[in-house]
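*Asks:* Okay, handing you the structure first.
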Amino acid sequence: MNFQIQETEERAQRIAYLVAGFINKTLTTREHDELDEWVGQSDENMELFARLTDERNINEAMSFMQSLDKDSAYDKIKTQIFPEKSKRKWLLPASIAAIVLIAFGIDWFIKSNTVESTPIPSTIAFNNAPDKQPGSAKAVLQLTDGKTIELVNSTNGTVAKEGAVVIAANGESIAYTGSKSSVNATAYNTLTVPKGGRYKLQLSDGSQVWLNAASSIKYPVAFTGNERKVFIEGEAFFEIAKDASKPFSVQTTNASIQVLGTTFNINTYIDEPRESAVLVEGSIKVVTGKQQQILVPGQQANIEPSGTVTTGVASMQEVTGWKDDNFVFKDEPIENIMRQLARWYDVDISYQGKIERHFNASISRKEPLSKILRLLERTGQVRFTMSANKLEVSP
């Protein structure tokens, strides 16, 4: 794994201070939150932090540093990390020592240029169960007459026709094209993505829909009337083709999301405490039996089963990361994380004991399940046991 340092020198100094403070247990609550935020920015940060704060590694690294020429090592490290930055030295020896430890840790544990790396053994108990591989492009298409077609990576070319509308697949998505004049206004198709899957849909008007695992969408074969309306369960990301003469709406269990041309994410999973809509671009209006709420870009609407709508600032990376094949968790309880993992890796989750800590992590959804479990375990706050298709979570 290649770690890329993109911090400024001042930022690296700050991170060094926070890591050293964590080791010495001198951080304030605000500083601890700041460190958590940095750790959660990437899986590389999380793994490096876990390795550098492991007691065995600290003792060995500090023993090595006793014989280290800190000035020459510091200059070398600055040249590697900040090749075009100024050569200004920091004033605090503790900060220099901390950044030396961090940079040394990068070389030692990742590049292995100087000392043989000491792997940290995983405590995940797999009980002879195989590792779970990430999800893939797959879905089931139900046509107007009830016929179903399985769509997988190998599905390419025309898969069906509804009147003069052609439905074609390319392995990861399907698209509706052709004349809509011969299509009945009541002709609907349904696209269902199972656990461990994802799929993309291009509607007849050119709108794009990305479906997350365990999700489905019901939609007209062609939009023939004066409105465009679809029905969603689970999670989907929309890019709506603009057509002022035909307003677009998304119907969920508890709300109607009304748009003209925009980009947004909707989460309606039944095992989540509430539905949510997050606006990326444009404008949408969330309508329930109780109220209406217009969102601006970057805003999130939380929709309660009662119809109450509250709004707040959205964490865009966290909400839309799945569309780009990333898990992004920021200060999330373990239950929230496990629900996402259960859908993507198609596993059943159970708990033994209560885990109070919230977690930060960022990792590709293309990695096997074991990798993210190991990253979470490195916090020392959670353990996992895998048996058949069941994952047990315990403190």
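Naming scheme: A, B, ... for chains in displayed order of the structure tokens; residues 1 onward per chain; ligands 1 onward as shown.
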Find the residues around Phe264 of chain A up to 7 Å (only C-alpha atoms counted), leave out those fewer than 2 positions away in its own chain, and share them as a VMD selection string.

*Replies:* chain A and resid 237 to 239 262 266 278 to 281

*Asks:* Step one, run DSSP on the backbone; step two, keep only residues of segment 185-363 of chain A assigned to alpha helix (DSSP H); then write them as a list of chain:residue names.

*Replies:*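 Those residues are A:Met316, A:Gln317, A:Glu318, A:Val319, A:Thr320, A:Ile334, A:Glu335, A:Asn336, A:Ile337, A:Met338, A:Arg339, A:Gln340, A:Leu341, A:Ala342, A:Arg343, A:Trp344, A:Tyr345.
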
*Asks:* Output C-alpha atoms of each residue in that selection to a file, as a PDB file, in the first residue's frame.

*Replies:*
ATOM      1  CA  MET A 316     -21.461  14.657   1.229  1.00  0.00           C
ATOM      2  CA  GLN A 317     -18.582  12.149   1.219  1.00  0.00           C
ATOM      3  CA  GLU A 318     -20.330   9.993   3.751  1.00  0.00           C
ATOM      4  CA  VAL A 319     -23.722  10.087   2.027  1.00  0.00           C
ATOM      5  CA  THR A 320     -22.653   9.650  -1.611  1.00  0.00           C
ATOM      6  CA  ILE A 334     -21.004   0.438  15.091  1.00  0.00           C
ATOM      7  CA  GLU A 335     -24.653  -0.412  14.334  1.00  0.00           C
ATOM      8  CA  ASN A 336     -24.771   2.135  11.478  1.00  0.00           C
ATOM      9  CA  ILE A 337     -21.574   0.726   9.986  1.00  0.00           C
ATOM     10  CA  MET A 338     -22.720  -2.878  10.293  1.00  0.00           C
ATOM     11  CA  ARG A 339     -25.985  -2.191   8.462  1.00  0.00           C
ATOM     12  CA  GLN A 340     -24.026  -0.984   5.447  1.00  0.00           C
ATOM     13  CA  LEU A 341     -21.598  -3.906   5.571  1.00  0.00           C
ATOM     14  CA  ALA A 342     -24.491  -6.375   5.889  1.00  0.00           C
ATOM     15  CA  ARG A 343     -26.064  -5.110   2.663  1.00  0.00           C
ATOM     16  CA  TRP A 344     -22.871  -4.915   0.610  1.00  0.00           C
ATOM     17  CA  TYR A 345     -21.290  -8.197   1.735  1.00  0.00           C
TER      18      TYR A 345
END

*Asks:* Measure the distance from atom CA of Pro134 of chain A to atom CA of Phe359 of chain A in Å and round it to one decimal.

*Replies:*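 These two atoms are separated by 20.9 Å.
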
*Asks:* Write down as a VMD selection string the residues belonging to segment 207-316 of chain A that are assigned strand (DSSP E) by DSSP computed on the backbone.

*Replies:* chain A and resid 208 to 211 215 to 220 228 to 233 235 to 239 248 to 251 256 to 259 263 to 267 275 to 281 284 to 287 292 to 295 299 to 303 309 to 313

*Asks:* List the neighbours of Tyr351 of chain A out to 6 Å using only C-alpha atoms; skip same-chain residues closer than 3 positions along the sequence, and give me the result as a list of chain:residue names.

*Replies:*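 In the requested form, the answer reads A:Glu392, A:Val393, A:Ser394.
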
*Asks:* Could you please determine the separation between atom CA of Gln142 of chain A and atom CA of Leu201 of chain A in Å, to one decimal place?

*Replies:* 13.3 Å

*Asks:* Which one of A:Gln41, A:Thr186, A:Ser215, A:Asn153 sits closest to Ile363 of chain A if you count only C-alpha atoms?

*Replies:* A:Gln41

*Asks:* Find, counting only C-alpha atoms, the residue in A:Ile294, A:Ala314, A:Met46, A:Val39 that gets nearest to Ser276 of chain A.

*Replies:*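 Distance minimum relative to Ser276 of chain A lands on A:Ala314.
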
*Asks:* If we count only C-alpha atoms and set the cut-off at 9 Å, which residues sit around Ser204 of chain A, ignoring sequence neighbours fewer than 6 positions away in its own chain? Please answer as a PyMOL selection string.

*Replies:* chain A and resi 165+175-178+180+220-223

*Asks:* Residues at most 12 Å from Asn212 of chain A, counting only C-alpha atoms, excluding those fewer than 4 positions away in the same chain, as a ChimeraX atom specification?

*Replies:* /A:135-139,191-201,216-217,232-238,265-269,319-326,340-341,343-344,365

*Asks:* Please produce an output containing N, CA and C atoms for each residue in the selection, written as a short mmCIF file (atom, residue, chain, number, x, y, z; two decimals), in the first residue's frame.

*Replies:*
data_model
loop_
_atom_site.label_atom_id
_atom_site.label_comp_id
_atom_site.auth_asym_id
_atom_site.auth_seq_id
_atom_site.Cartn_x
_atom_site.Cartn_y
_atom_site.Cartn_z
N GLY A 135 -19.46 -6.73 -3.12
CA GLY A 135 -20.57 -6.88 -4.04
C GLY A 135 -20.16 -6.60 -5.47
N SER A 136 -21.08 -6.82 -6.39
CA SER A 136 -20.80 -6.63 -7.81
C SER A 136 -22.07 -6.14 -8.52
N ALA A 137 -21.92 -5.86 -9.81
CA ALA A 137 -23.06 -5.38 -10.59
C ALA A 137 -24.02 -6.53 -10.87
N LYS A 138 -25.19 -6.47 -10.27
CA LYS A 138 -26.22 -7.49 -10.51
C LYS A 138 -27.57 -6.95 -10.11
N ALA A 139 -28.60 -7.41 -10.81
CA ALA A 139 -29.97 -6.95 -10.54
C ALA A 139 -30.94 -7.90 -11.22
N LEU A 191 -36.77 -2.63 -11.28
CA LEU A 191 -35.39 -3.09 -11.21
C LEU A 191 -35.05 -3.29 -9.74
N THR A 192 -34.65 -4.52 -9.38
CA THR A 192 -34.35 -4.86 -7.99
C THR A 192 -32.90 -5.30 -7.86
N VAL A 193 -32.17 -4.66 -6.95
CA VAL A 193 -30.78 -5.01 -6.69
C VAL A 193 -30.73 -5.76 -5.36
N PRO A 194 -30.19 -6.99 -5.33
CA PRO A 194 -30.16 -7.76 -4.08
C PRO A 194 -29.03 -7.29 -3.17
N LYS A 195 -28.96 -7.86 -1.98
CA LYS A 195 -27.78 -7.66 -1.14
C LYS A 195 -26.54 -8.10 -1.91
N GLY A 196 -25.45 -7.39 -1.70
CA GLY A 196 -24.22 -7.74 -2.41
C GLY A 196 -24.23 -7.29 -3.86
N GLY A 197 -25.08 -6.32 -4.20
CA GLY A 197 -25.14 -5.86 -5.58
C GLY A 197 -25.27 -4.36 -5.71
N ARG A 198 -25.13 -3.89 -6.93
CA ARG A 198 -25.39 -2.49 -7.29
C ARG A 198 -25.66 -2.49 -8.79
N TYR A 199 -26.39 -1.47 -9.26
CA TYR A 199 -26.69 -1.40 -10.69
C TYR A 199 -27.10 0.01 -11.07
N LYS A 200 -26.92 0.33 -12.35
CA LYS A 200 -27.24 1.66 -12.85
C LYS A 200 -28.35 1.54 -13.89
N LEU A 201 -29.23 2.54 -13.87
CA LEU A 201 -30.39 2.56 -14.77
C LEU A 201 -30.45 3.90 -15.48
N SER A 216 -34.69 -1.18 -4.74
CA SER A 216 -35.47 -1.39 -5.96
C SER A 216 -36.12 -0.09 -6.40
N ILE A 217 -36.43 -0.03 -7.69
CA ILE A 217 -37.10 1.14 -8.25
C ILE A 217 -38.15 0.66 -9.26
N ILE A 232 -39.28 4.33 -5.13
CA ILE A 232 -37.99 3.81 -4.69
C ILE A 232 -38.09 3.15 -3.32
N GLU A 233 -37.37 2.05 -3.16
CA GLU A 233 -37.16 1.42 -1.86
C GLU A 233 -35.66 1.17 -1.72
N GLY A 234 -35.10 1.45 -0.55
CA GLY A 234 -33.66 1.29 -0.37
C GLY A 234 -32.93 2.60 -0.59
N GLU A 235 -31.85 2.56 -1.36
CA GLU A 235 -31.05 3.77 -1.58
C GLU A 235 -30.73 3.95 -3.05
N ALA A 236 -30.83 5.19 -3.52
CA ALA A 236 -30.54 5.49 -4.92
C ALA A 236 -29.97 6.90 -5.05
N PHE A 237 -29.11 7.07 -6.05
CA PHE A 237 -28.55 8.38 -6.39
C PHE A 237 -29.09 8.76 -7.76
N PHE A 238 -29.65 9.98 -7.87
CA PHE A 238 -30.33 10.41 -9.09
C PHE A 238 -29.60 11.58 -9.75
N ASN A 265 -29.44 12.28 -3.49
CA ASN A 265 -29.40 10.91 -2.96
C ASN A 265 -30.59 10.70 -2.05
N ILE A 266 -31.22 9.52 -2.14
CA ILE A 266 -32.33 9.18 -1.27
C ILE A 266 -32.04 7.86 -0.58
N ASN A 267 -32.25 7.81 0.72
CA ASN A 267 -32.07 6.59 1.51
C ASN A 267 -33.38 6.27 2.20
N THR A 268 -33.97 5.13 1.85
CA THR A 268 -35.27 4.75 2.42
C THR A 268 -35.24 3.35 3.00
N TYR A 269 -34.06 2.83 3.36
CA TYR A 269 -33.97 1.48 3.90
C TYR A 269 -34.89 1.34 5.12
N VAL A 319 -22.43 10.44 2.60
CA VAL A 319 -23.72 10.09 2.03
C VAL A 319 -23.57 9.48 0.63
N THR A 320 -22.72 10.07 -0.21
CA THR A 320 -22.65 9.65 -1.61
C THR A 320 -21.44 8.78 -1.92
N GLY A 321 -20.62 8.46 -0.91
CA GLY A 321 -19.41 7.68 -1.16
C GLY A 321 -19.71 6.33 -1.81
N TRP A 322 -20.84 5.71 -1.47
CA TRP A 322 -21.17 4.39 -2.02
C TRP A 322 -21.24 4.39 -3.53
N LYS A 323 -21.71 5.50 -4.12
CA LYS A 323 -21.84 5.60 -5.58
C LYS A 323 -20.47 5.48 -6.25
N ASP A 324 -19.43 5.95 -5.57
CA ASP A 324 -18.07 5.88 -6.11
C ASP A 324 -17.29 4.71 -5.52
N ASP A 325 -18.03 3.74 -4.97
CA ASP A 325 -17.43 2.51 -4.41
C ASP A 325 -16.55 2.79 -3.21
N ASN A 326 -17.00 3.67 -2.32
CA ASN A 326 -16.27 3.93 -1.09
C ASN A 326 -17.21 3.86 0.11
N GLN A 340 -24.56 -1.15 6.80
CA GLN A 340 -24.03 -0.98 5.45
C GLN A 340 -23.22 -2.20 5.01
N LEU A 341 -22.40 -2.73 5.91
CA LEU A 341 -21.60 -3.91 5.57
C LEU A 341 -22.50 -5.11 5.30
N ARG A 343 -25.46 -5.18 3.99
CA ARG A 343 -26.06 -5.11 2.66
C ARG A 343 -25.05 -5.39 1.56
N TRP A 344 -23.85 -4.82 1.70
CA TRP A 344 -22.87 -4.92 0.61
C TRP A 344 -22.22 -6.29 0.55
N ARG A 365 -15.00 0.09 -1.28
CA ARG A 365 -15.97 -1.00 -1.20
C ARG A 365 -15.54 -2.20 -2.05
#

*Asks:* Rank A:Asp36, A:Asp145, A:Val209, A:Thr288 by their smallest atom-to-atom distance to Glu332 of chain A, using only C-alpha atoms, and report the top residue only.

*Replies:*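 So, comparing all the options, the nearest one is A:Asp36.
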
*Asks:* Just want the 9 Å neighbourhood of Ala255 of chain A, counted on only C-alpha atoms, with same-chain residues fewer than 3 positions away dropped. Output as an NGL selection string.

*Replies:* :A and (250-252 or 275 or 286-289 or 303 or 307)

*Asks:* What does the file look like for those residues with N, CA and C atoms, as a PDB file, in the first residue's frame?

*Replies:*
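For reference, result.pdb as written:
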ATOM      1  N   VAL A 250     -39.994  11.513  -6.973  1.00  0.00           N
ATOM      2  CA  VAL A 250     -39.624  10.205  -6.442  1.00  0.00           C
ATOM      3  C   VAL A 250     -40.511   9.935  -5.239  1.00  0.00           C
ATOM      4  N   GLN A 251     -41.247   8.849  -5.277  1.00  0.00           N
ATOM      5  CA  GLN A 251     -42.157   8.505  -4.183  1.00  0.00           C
ATOM      6  C   GLN A 251     -41.494   7.486  -3.268  1.00  0.00           C
ATOM      7  N   THR A 252     -41.417   7.794  -1.970  1.00  0.00           N
ATOM      8  CA  THR A 252     -40.926   6.854  -0.970  1.00  0.00           C
ATOM      9  C   THR A 252     -42.087   6.468  -0.062  1.00  0.00           C
ATOM     10  N   GLU A 275     -36.014   7.992   6.867  1.00  0.00           N
ATOM     11  CA  GLU A 275     -35.619   8.236   5.484  1.00  0.00           C
ATOM     12  C   GLU A 275     -34.806   9.525   5.423  1.00  0.00           C
ATOM     13  N   VAL A 286     -39.189  18.393  -0.508  1.00  0.00           N
ATOM     14  CA  VAL A 286     -39.622  17.201   0.203  1.00  0.00           C
ATOM     15  C   VAL A 286     -41.036  17.455   0.721  1.00  0.00           C
ATOM     16  N   VAL A 287     -41.977  16.601   0.323  1.00  0.00           N
ATOM     17  CA  VAL A 287     -43.378  16.788   0.676  1.00  0.00           C
ATOM     18  C   VAL A 287     -43.869  15.564   1.438  1.00  0.00           C
ATOM     19  N   THR A 288     -44.413  15.785   2.630  1.00  0.00           N
ATOM     20  CA  THR A 288     -45.035  14.707   3.408  1.00  0.00           C
ATOM     21  C   THR A 288     -46.459  15.120   3.751  1.00  0.00           C
ATOM     22  N   GLY A 289     -47.142  14.267   4.490  1.00  0.00           N
ATOM     23  CA  GLY A 289     -48.500  14.607   4.893  1.00  0.00           C
ATOM     24  C   GLY A 289     -48.553  15.751   5.883  1.00  0.00           C
ATOM     25  N   ILE A 303     -36.487  12.452   7.253  1.00  0.00           N
ATOM     26  CA  ILE A 303     -37.935  12.293   7.175  1.00  0.00           C
ATOM     27  C   ILE A 303     -38.371  11.202   8.146  1.00  0.00           C
ATOM     28  N   GLY A 307     -43.943  11.774   9.351  1.00  0.00           N
ATOM     29  CA  GLY A 307     -44.073  12.823   8.348  1.00  0.00           C
ATOM     30  C   GLY A 307     -43.337  14.097   8.693  1.00  0.00           C
TER      31      GLY A 307
END

*Asks:* Taking into account only C-alpha atoms, which residue in the set A:Lys285, A:Val309, A:Thr190, A:Ser362 is nearest to Thr148 of chain A?

*Replies:*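 For Thr148 of chain A, the nearest of the given residues is A:Thr190.
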
*Asks:* One number please: atom CA of Lys330 of chain A to atom CA of Trp38 of chain A, in Å, one decimal.

*Replies:*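 Between these atoms lies a distance of 10.2 Å.
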